[in-house]
Structure formats: structure tokens, C-alpha cells
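Trainee: This is the structure, below, for whatever I ask next.
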Amino acid sequence: MTRAIRDAYGEALVKYGRDNPDVVVLDADVSSSTKSRLFQEACPERFYNVGIAEANMTAMAAGFAAVGKIPFVNTFAAFISSLGLIAARSFASYSGLGIKLIGAYGGLSDSFDGPSHHSIDDIAIMRLLPNLKVYVASDEVQTDWLVRQAIEDRSPVYIRLSRDAMPAIYQPSADFSEGKGQIIRQGSDITIIACGLMVSQALAAARMLSDQGIDAAVIDMFCVKPLDKALILKSAAQSSAMITAEEHSVIGGLGSAVAETLCEAGLQIPVGFVGLADCHAECGPYEKLLQKYGLDAQAIVTKAHQLIDT
Amino acid sequence: MALSISKKTYMQELCKTFRQDVLRVLYDKQTGHPGGSLSVCEILTTLYFHAARIDPGDPQQADRDRIILSKGHAAPMLYRVLAEKGFFPVDEMNTLRDFETRLQGHPSVKHTPGVELSTGPLGLGLSASLGMALGLKLDGSPARVYVVLGDGEINEGTIWEACMCAAKYKADNLIAVLDWNGVQLDGLTDEVMPTGNLPAKFREFGWHCLECDGHDISDLCETLDKAATLSGRPVMILARTVKGKGVSFMEGQSAWHGRPVGKDEYAAARQELEGENV
């Protein structure tokens, strides 16, 4: 385990935003949680704590973007994709204003606060908005790249982060491209397409499957939109089954995006969806929630056997 | 500075023409919002032809003032004013709400020259205008942001969130004008959602608050001039207006918020709008 993703995010904001006078950062009274406070400490004149007013914050960001600024909007993923949605829809999506919607505490990572604070529908919601790019960070190195990319690319983006640390997947020198999934493990039998925390769970599952004689490829589909359809189709053609894995409802998120791609291409391949089974979780330790709600390596292994053994 | 008689007359004549043209287009199209378009006529005219520094020949000039129509359903009047200002031909008004038009049902920054912000969902324009104002301040720009709100719109909680935030950040380059016509879609604002003592509310939220007659060109211009001299706080101008102003049977009637204009109604309205009493 490495640093918490929220720390990596806050430090990246300072690293790439400090010397760029266009970067402004807004937070809705959770800056000590999202770690946008690190930017406040570095650049107080470009930091705005708007209080507990997420809709106002997101619409304010539109105004900043309209006069040439690069606004980062910070609050929990559950709230930016609900209370922030009307402004995201009107200004980031419809108008194409370059608002950076940052969803902290994605998935179940705010585990003890319970389902009111879990974010299990944000990928689906944000994926629906035209013009919006949708990213899900899978480790610390990638989080750093996502912040840098969000500043360089003036487009509107949604970036889902996590509260906690994630297992390291990438070397610090790793580079990424918008719309390009990362093949992080080759495999000839099945392909696991994952995002966020589930990428490391997929790698663990692949190791377990390997011991059972099943060779699994793992793809980090950190950019859910635009989606790397070519990679999905190429992998499907080389696999006997495909599994998607996300810390999100099985409805509407990465799994749905992959299924849409396969269906549209007319590819007939067994597909399994690992995610929350159209339910809310509960409060408790993160690890226990992931285990109970089928968001771990074992759940992926079980799904693989269901697909292959039938 | 007192408004010259010629300039006042010029703007009054503009308003008379704008009302006639907007109502004609709304009748032709059988879609769109007459009530709020008629009530905001003088507000938009004085903003574009008196208060704001905007050059259609250099529309992206960094230090231009911004005008935001937060009550986006009054788009027909905004379009007519923008056309007069020179952003597009007046004849283009005939494409309002048409298929593939640049004049969408609600203002769209991607479609229409001169529109600074896409609006339509109510309650967002003040927040976005505040973001613009603070962004311009960061750059040391002298530009002001003018935002026109509806009084039904202020039912939205975001308006009050933005009010608190604008006061906190001393956004004195932000000037809001409330089209205070007392009527919203379903009825009188006092019935649908009583707004109470608005001057006291805005002052308590930390704003300068001015009041004027929103159909009196001189009063509007003088109030806008005064607003530009105030500092330390954002400015709210409560402009008393009449929904449907200029067409007697539309005035103060919520039914005319977004109703199509019938043939006989248009004939009667046209007679009134072309008369000298508007």
C-alpha cells in the first residue's frame, strides 16, 4: 500500500496548479477530506471554500471556466454527481465549459459513513453526459497523471478518486493516453476489464486463476469515456469470456459500456459483471464491505468459473 | 449623470420596436414565452445600450463586461436586443426555435453570437456569474458581470447560496438585476412562494440593494450608473416590472408565461404595441 489517493490528489493539485495562474480550486466545506486544502495552503488567493453548497460551487466553476480559468470542483463523488449534476449538465456537458469535476471518496471508500456517502452510481450518471470525459483513478501514479492531464486538456472531465490508499500498479514513469485502456497483464483465456480499485483486485484474481490453470488478461479501463472500443473488441476476439469489474452498480457503469460495445459489434462472448448487484451496501470496514458485496478478487474468480465452467 | 433626452427617446423607441418584433415572432412560431420577454425589455435594453461595455466587433475582448440572462426563458427579447446590437441580422429572429436555428429555445453559448452563458434551468445564472466575476477579479480585469434574474427563479436555493458566497468574496464587480414582476408560471409569486421583504433579505445577505422602476429608462440607467460606483459588496437592483408589459390583457397574468398567442389576441396586442401609450 502507498499513500491515500486523496493525498496523492491534493499533492498533484499543488504540483501542477501552483505555477499555473489559471488553476482555481473550489471546495464545499470538505477540503480537509478531499485534500484540496493542500492547494489552499499553497495558493490561498486561488482557493474558494463556498460552504456546503455543491450546486452553487459547480455553477460557479462554469463562470470561472467561461473567463478562461481551469476550475477544480471538489466534494464527495456521491454529492458532485447528484447536487452538482444540474450545473454539470448545463455547463460542462451542454456548453462544453472545462470544469474539472472531482469525485472524492468514490465507491464504498467512505465505508463507515454508510450508503448515504457511498458512490455507486456516479460513473453511470457522468457517462450519460455528452462532451464529458470520465476517468476512474486506479492508483497513486495514475491519480497524479489525471490531475496533470485535466489541467493540460481544457475539456470538461469527471475524475473519480478514492478516499483510501490503493495498491501500486504503475511505475512512477508510467504514461497514459486519453481513451486508451492499459493492458497490465496478458492472458489467453479470459479478459478482465476493470477500473479503480477493482484493477488491483483483478490482478489478484488473475493470479488466483493462474493457479487454477486459467490464463486471464487484465485491462485497466481508467478512461470510461471516451472508451477504448478497439481494445475491448480485440480482447474479446482473443478470449473465451470477458468480465468487467467496478466499484459501482452493475447497472450503467463500465460493465454496461463494455456490453454496449460488444453488442454493437455483434460479438457473441459470455460476459460477467462484477459490481454492486443493484443494491445499497451498509456501513463498516472497507475490506469487509468489499468482500460481502462481491467487490473483491474472489468475486471475480467465482464469476470466471461461472462463465467458463458452463 | 442625467440621461440625455435623445438617448432616452432612442432607447424608448428601441423598446417599442423590440416588443412589437418579439410578439410577432412568438405569434408566428406559436411557441415561446411572451410574459417574461415583455417584462425584461427595458432591463436588457439599458444593459446593452447604456451600462455594459460590449463591442460586437470584438466579441471576445477579455475585459468586456458580461451580461447573463439567468431567466433564460426570456430568450426572445434577449435575441432581439442582441440583433439590434449587431451580433446577427434582425431577420434571423424569424428562425426562433426553428429546426437547426442559431436561436435555440433557451440561450445557448454554443449557438448564438453574443450569448455569454447557456441558461434555461433556473437558479444557476447567479452562481455562474459569480464565478465569472471572481475569475475576472483574479486577472485584475475592470470588467463587470451583469446578471438578470427572474423573481420566480429566486425560489431556487442556489440563488441564496450564491448570494452568501458573493458577499463572502466581496464580488463588487457583480451587478444583479431582478426582473421583479411578481408573477411566475403557476401564479403570483406571493401565492406560489412568497419571497417576503426582498430589499431586507438581500441587504441581510450582505449586498448593496437598490430599487427602481424596471420600465423607466431614465430610472434604470441612473440606478445602473449608481450600482457601478458602489464597492465592497455585490449589488442587487430590484427592478419593479409588470409581466406582459405593454399588452393589457397579458399584464400581470401568469397564464401568459409561456402560452401561444392566438390570432385575435395578436391583432389586439399589435394594436396596443403600435400605439403611443407603450
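Simple scheme: letters A, B, ... for chains in C-alpha cells order, numbers from 1 for residues in each chain, numbers from 1 for ligands in the order shown.
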If we count only C-alpha atoms, what is near Glu246 of chain A at a cut-off of 6 Å, once residues fewer than 2 positions away on the same chain are taken out, given as a PyMOL selection string?

Mentor: chain A and resi 194-195+198+248+275

Trainee: Emit the selected residues as a PDB file, in the first residue's frame, including N, CA, C and O atoms.

Mentor:
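Everything below was put into selection_18.pdb:
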```pdb
ATOM      1  N   ALA A 194     -11.335  -3.781 -15.881  1.00  0.00           N
ATOM      2  CA  ALA A 194     -11.658  -3.214 -14.569  1.00  0.00           C
ATOM      3  C   ALA A 194     -11.318  -1.729 -14.545  1.00  0.00           C
ATOM      4  O   ALA A 194     -10.656  -1.197 -15.441  1.00  0.00           O
ATOM      5  N   CYS A 195     -11.788  -1.062 -13.504  1.00  0.00           N
ATOM      6  CA  CYS A 195     -11.388   0.326 -13.272  1.00  0.00           C
ATOM      7  C   CYS A 195     -11.305   0.557 -11.766  1.00  0.00           C
ATOM      8  O   CYS A 195     -11.894  -0.198 -10.972  1.00  0.00           O
ATOM      9  N   MET A 198     -10.815  -1.922  -8.445  1.00  0.00           N
ATOM     10  CA  MET A 198     -11.014  -3.281  -8.951  1.00  0.00           C
ATOM     11  C   MET A 198      -9.912  -3.719  -9.910  1.00  0.00           C
ATOM     12  O   MET A 198      -9.825  -4.901 -10.248  1.00  0.00           O
ATOM     13  N   HIS A 248     -19.009  -0.121  -8.215  1.00  0.00           N
ATOM     14  CA  HIS A 248     -20.131   0.662  -8.752  1.00  0.00           C
ATOM     15  C   HIS A 248     -21.264  -0.320  -8.986  1.00  0.00           C
ATOM     16  O   HIS A 248     -21.062  -1.534  -9.020  1.00  0.00           O
ATOM     17  N   GLY A 275     -19.779  -6.209  -9.659  1.00  0.00           N
ATOM     18  CA  GLY A 275     -20.090  -4.879  -9.127  1.00  0.00           C
ATOM     19  C   GLY A 275     -21.209  -5.032  -8.122  1.00  0.00           C
ATOM     20  O   GLY A 275     -21.624  -6.149  -7.796  1.00  0.00           O
TER      21      GLY A 275
END
```

Trainee: Counting only C-alpha atoms, which residues in segment 244-263 of chain A sit no more than 10 Å from segment 278-283 of chain A? For each one, give the nearest pair of atoms and the distance in Å, sorted by chain then residue number, as a Markdown table.

Mentor:
```
| residue | atom | partner | partner_atom | distance |
| --- | --- | --- | --- | --- |
| A:His248 | CA | A:Asp278 | CA | 9.2 |
| A:Ser249 | CA | A:Asp278 | CA | 5.7 |
| A:Val250 | CA | A:Asp278 | CA | 6.6 |
| A:Ile251 | CA | A:Asp278 | CA | 6.9 |
```

Trainee: For the selection you just gave me, I'd like the residues written to a file as a JSON list (two decimals), in the first residue's frame, keeping C-alpha atoms.

Mentor:
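The result, stored in again-v4.json:
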```
[["chain", "number", "residue", "atom", "x", "y", "z"],
["A", 248, "HIS", "CA", -20.13, 0.66, -8.75],
["A", 249, "SER", "CA", -23.56, -0.68, -9.54],
["A", 250, "VAL", "CA", -23.56, -3.32, -12.27],
["A", 251, "ILE", "CA", -26.12, -1.07, -13.97]]
```

Trainee: To test your reading of the structure, identify every residue in segment 72-141 of chain A that backbone DSSP assigns to strand (DSSP E), and report it as number ranges by chain.

Mentor: A: 72-76, 100-104, 133-136

Trainee: Identify all chain B residues at most 9 Å from chain A by counting only C-alpha atoms; ligands do not count. Present them as a ChimeraX atom specification.

Mentor: /B:62,108-110,116-121,123-136,138-139,157-159,161-162,164-165,168-169

Trainee: May I have the residues within 7 Å of segment 146-155 of chain B as a count of residues only, using only C-alpha atoms and disregarding those fewer than 3 positions away in the same chain?

Mentor: 23

Trainee: For Ala269 of chain B, work out the shell of residues within 12 Å, counting only C-alpha atoms and skipping chain neighbours fewer than 5 positions away, then give it as an NGL selection string.

Mentor: :B and (19-24 or 26-27 or 34 or 38 or 244-251 or 261-264 or 274-275 or 278)

Trainee: Export N, CA and C atoms of the chosen residues as a tab-separated table (two decimals), in the first residue's frame?

Mentor:
```tsv
chain	number	residue	atom	x	y	z
B	19	ARG	N	-40.65	45.11	-28.52
B	19	ARG	CA	-41.89	44.44	-28.08
B	19	ARG	C	-42.70	43.98	-29.29
B	20	GLN	N	-42.82	44.86	-30.28
B	20	GLN	CA	-43.60	44.50	-31.47
B	20	GLN	C	-42.97	43.30	-32.18
B	21	ASP	N	-41.66	43.36	-32.35
B	21	ASP	CA	-40.98	42.29	-33.08
B	21	ASP	C	-41.06	40.95	-32.34
B	22	VAL	N	-40.86	41.00	-31.03
B	22	VAL	CA	-40.89	39.76	-30.25
B	22	VAL	C	-42.28	39.14	-30.29
B	23	LEU	N	-43.29	39.97	-30.12
B	23	LEU	CA	-44.63	39.41	-30.12
B	23	LEU	C	-45.00	38.85	-31.50
B	24	ARG	N	-44.56	39.50	-32.54
B	24	ARG	CA	-44.82	39.00	-33.89
B	24	ARG	C	-44.17	37.62	-34.08
B	26	LEU	N	-43.29	35.49	-31.73
B	26	LEU	CA	-43.94	34.49	-30.88
B	26	LEU	C	-45.28	34.06	-31.47
B	27	TYR	N	-45.97	35.01	-32.11
B	27	TYR	CA	-47.24	34.66	-32.77
B	27	TYR	C	-46.96	33.76	-33.98
B	34	PRO	N	-44.03	34.86	-23.86
B	34	PRO	CA	-44.29	36.30	-24.00
B	34	PRO	C	-44.15	37.09	-22.69
B	38	LEU	N	-41.61	40.38	-22.32
B	38	LEU	CA	-42.10	41.76	-22.31
B	38	LEU	C	-41.68	42.49	-21.03
B	244	GLY	N	-45.66	40.76	-18.91
B	244	GLY	CA	-46.52	41.02	-20.07
B	244	GLY	C	-46.65	42.49	-20.41
B	245	LYS	N	-45.75	43.33	-19.89
B	245	LYS	CA	-45.85	44.79	-20.03
B	245	LYS	C	-46.09	45.22	-21.49
B	246	GLY	N	-47.12	46.05	-21.66
B	246	GLY	CA	-47.39	46.62	-22.98
B	246	GLY	C	-48.60	46.01	-23.66
B	247	VAL	N	-49.02	44.84	-23.18
B	247	VAL	CA	-50.22	44.21	-23.73
B	247	VAL	C	-51.20	44.03	-22.58
B	248	SER	N	-52.24	44.85	-22.57
B	248	SER	CA	-53.07	44.97	-21.37
B	248	SER	C	-53.59	43.62	-20.87
B	249	PHE	N	-54.02	42.78	-21.79
B	249	PHE	CA	-54.62	41.52	-21.32
B	249	PHE	C	-53.57	40.48	-20.89
B	250	MET	N	-52.30	40.78	-21.15
B	250	MET	CA	-51.24	39.88	-20.67
B	250	MET	C	-50.67	40.35	-19.35
B	251	GLU	N	-50.85	41.63	-19.04
B	251	GLU	CA	-50.16	42.21	-17.89
B	251	GLU	C	-50.57	41.55	-16.57
B	261	VAL	N	-49.77	32.69	-28.69
B	261	VAL	CA	-50.62	33.86	-28.91
B	261	VAL	C	-51.61	33.54	-30.04
B	262	GLY	N	-52.91	33.68	-29.76
B	262	GLY	CA	-53.94	33.41	-30.76
B	262	GLY	C	-54.06	34.55	-31.78
B	263	LYS	N	-54.81	34.29	-32.85
B	263	LYS	CA	-54.91	35.26	-33.95
B	263	LYS	C	-55.55	36.58	-33.48
B	264	ASP	N	-56.69	36.48	-32.81
B	264	ASP	CA	-57.36	37.68	-32.35
B	264	ASP	C	-56.55	38.38	-31.26
B	274	GLU	N	-48.37	49.07	-31.10
B	274	GLU	CA	-48.04	50.06	-32.13
B	274	GLU	C	-48.56	51.44	-31.77
B	275	GLY	N	-49.36	51.52	-30.69
B	275	GLY	CA	-49.88	52.80	-30.24
B	275	GLY	C	-48.81	53.60	-29.53
B	278	VAL	N	-47.31	52.95	-25.09
B	278	VAL	CA	-46.44	51.90	-24.53
B	278	VAL	C	-45.18	52.52	-23.96
```

Trainee: Would you kindly return, as a PyMOL selection string, each protein, DNA or RNA residue with an atom no farther than 9 Å from any atom of Leu262 of chain A, considering only C-alpha atoms and excluding same-chain residues fewer than 3 positions away?

Mentor: chain A and resi 229+232-233+236+257-259+265-269

Trainee: Next, write the just-selected residues to a file, as a CSV table (one decimal), in the first residue's frame, keeping all heavy atoms as the atom set.

Mentor:
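Okay, part_26.csv is ready:
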```csv
chain,number,residue,atom,x,y,z
A,229,LYS,N,-12.8,1.3,-27.4
A,229,LYS,CA,-13.6,0.2,-28.0
A,229,LYS,C,-12.8,-0.8,-28.8
A,229,LYS,O,-13.0,-2.0,-28.8
A,229,LYS,CB,-14.7,0.8,-28.9
A,229,LYS,CG,-15.7,1.6,-28.2
A,229,LYS,CD,-16.8,2.1,-29.1
A,229,LYS,CE,-17.9,2.9,-28.3
A,229,LYS,NZ,-18.9,3.5,-29.2
A,232,ILE,N,-11.3,-3.3,-26.5
A,232,ILE,CA,-12.3,-4.2,-26.0
A,232,ILE,C,-12.6,-5.3,-27.1
A,232,ILE,O,-12.7,-6.5,-26.8
A,232,ILE,CB,-13.6,-3.5,-25.6
A,232,ILE,CG1,-13.4,-2.6,-24.4
A,232,ILE,CG2,-14.8,-4.4,-25.4
A,232,ILE,CD1,-14.5,-1.6,-24.2
A,233,LEU,N,-12.8,-4.9,-28.3
A,233,LEU,CA,-13.2,-5.8,-29.3
A,233,LEU,C,-12.0,-6.7,-29.7
A,233,LEU,O,-12.2,-7.9,-29.9
A,233,LEU,CB,-13.6,-5.0,-30.6
A,233,LEU,CG,-14.9,-4.2,-30.4
A,233,LEU,CD1,-15.2,-3.4,-31.7
A,233,LEU,CD2,-16.0,-5.1,-30.0
A,236,ALA,N,-11.8,-9.2,-26.8
A,236,ALA,CA,-12.9,-10.2,-26.9
A,236,ALA,C,-12.7,-11.2,-28.0
A,236,ALA,O,-13.0,-12.4,-27.8
A,236,ALA,CB,-14.2,-9.4,-27.2
A,257,ALA,N,-21.0,-0.1,-20.4
A,257,ALA,CA,-20.3,0.5,-21.5
A,257,ALA,C,-19.6,-0.6,-22.4
A,257,ALA,O,-19.6,-0.6,-23.6
A,257,ALA,CB,-19.2,1.5,-21.0
A,258,VAL,N,-19.0,-1.6,-21.7
A,258,VAL,CA,-18.3,-2.7,-22.4
A,258,VAL,C,-19.4,-3.6,-23.2
A,258,VAL,O,-19.2,-3.9,-24.3
A,258,VAL,CB,-17.5,-3.6,-21.4
A,258,VAL,CG1,-17.1,-4.9,-22.1
A,258,VAL,CG2,-16.3,-2.8,-20.9
A,259,ALA,N,-20.5,-3.8,-22.5
A,259,ALA,CA,-21.6,-4.6,-23.1
A,259,ALA,C,-22.1,-3.9,-24.3
A,259,ALA,O,-22.4,-4.6,-25.4
A,259,ALA,CB,-22.7,-4.9,-22.1
A,265,ALA,N,-21.0,-4.5,-31.9
A,265,ALA,CA,-20.2,-5.1,-32.9
A,265,ALA,C,-20.6,-6.5,-33.2
A,265,ALA,O,-20.1,-7.2,-34.1
A,265,ALA,CB,-18.7,-5.2,-32.3
A,266,GLY,N,-21.7,-7.0,-32.6
A,266,GLY,CA,-22.2,-8.3,-32.9
A,266,GLY,C,-21.4,-9.4,-32.3
A,266,GLY,O,-21.5,-10.6,-32.8
A,267,LEU,N,-20.5,-9.1,-31.4
A,267,LEU,CA,-19.6,-10.2,-30.8
A,267,LEU,C,-20.4,-11.0,-29.8
A,267,LEU,O,-21.0,-10.5,-28.9
A,267,LEU,CB,-18.4,-9.6,-30.2
A,267,LEU,CG,-17.3,-9.1,-31.1
A,267,LEU,CD1,-16.1,-8.7,-30.3
A,267,LEU,CD2,-16.9,-10.3,-32.1
A,268,GLN,N,-20.4,-12.3,-30.0
A,268,GLN,CA,-21.1,-13.2,-29.0
A,268,GLN,C,-20.0,-13.8,-28.1
A,268,GLN,O,-19.3,-14.7,-28.5
A,268,GLN,CB,-21.9,-14.2,-29.8
A,268,GLN,CG,-23.0,-13.6,-30.6
A,268,GLN,CD,-24.0,-14.6,-31.0
A,268,GLN,OE1,-23.8,-15.8,-30.9
A,268,GLN,NE2,-25.2,-14.1,-31.5
A,269,ILE,N,-20.0,-13.3,-26.9
A,269,ILE,CA,-19.0,-13.8,-26.0
A,269,ILE,C,-19.7,-13.8,-24.6
A,269,ILE,O,-20.4,-12.8,-24.3
A,269,ILE,CB,-17.7,-13.0,-26.0
A,269,ILE,CG1,-16.7,-13.4,-25.0
A,269,ILE,CG2,-18.0,-11.5,-25.8
A,269,ILE,CD1,-15.3,-12.7,-25.0
```

Trainee: Write out, as JSON lines, each residue of segment 8-90 of chain B that has an atom at most 9 Å from segment 238-242 of chain B, together with the closest pair of atoms and their distance in Å to one decimal, counting only C-alpha atoms, rows going by chain and rising number.

Mentor:
```
{"residue": "B:Gly35", "atom": "CA", "partner": "B:Val242", "partner_atom": "CA", "distance": 8.7}
{"residue": "B:Gly36", "atom": "CA", "partner": "B:Val242", "partner_atom": "CA", "distance": 8.8}
{"residue": "B:Leu38", "atom": "CA", "partner": "B:Val242", "partner_atom": "CA", "distance": 8.2}
{"residue": "B:Ser39", "atom": "CA", "partner": "B:Val242", "partner_atom": "CA", "distance": 5.5}
{"residue": "B:Val40", "atom": "CA", "partner": "B:Thr241", "partner_atom": "CA", "distance": 7.6}
{"residue": "B:Ile43", "atom": "CA", "partner": "B:Ala239", "partner_atom": "CA", "distance": 8.0}
```

Trainee: Enter the distance from atom CA of Asp19 of chain A to atom CA of Gly232 of chain B, in Å, rounded to one decimal.

Mentor: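 Separating atom CA of Asp19 of chain A from atom CA of Gly232 of chain B is a distance of 28.6 Å.
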
Trainee: Hey, which of A:Met208, A:Ile308, A:Leu197, A:Leu231 ends up closest to Leu290 of chain A? Count only C-alpha atoms.

Mentor: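 Among A:Met208, A:Ile308, A:Leu197, A:Leu231, it is A:Leu197 that comes nearest to Leu290 of chain A.
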
Trainee: Write out as a count of residues only the residues lying within 8 Å of Ala216 of chain A, counting only C-alpha atoms and excluding same-chain residues fewer than 4 positions away.

Mentor: 11

Trainee: Nearest residue to Ile54 of chain B out of B:Val115, B:Cys41, B:Leu3, B:Ala75, using only C-alpha atoms?

Mentor: B:Val115
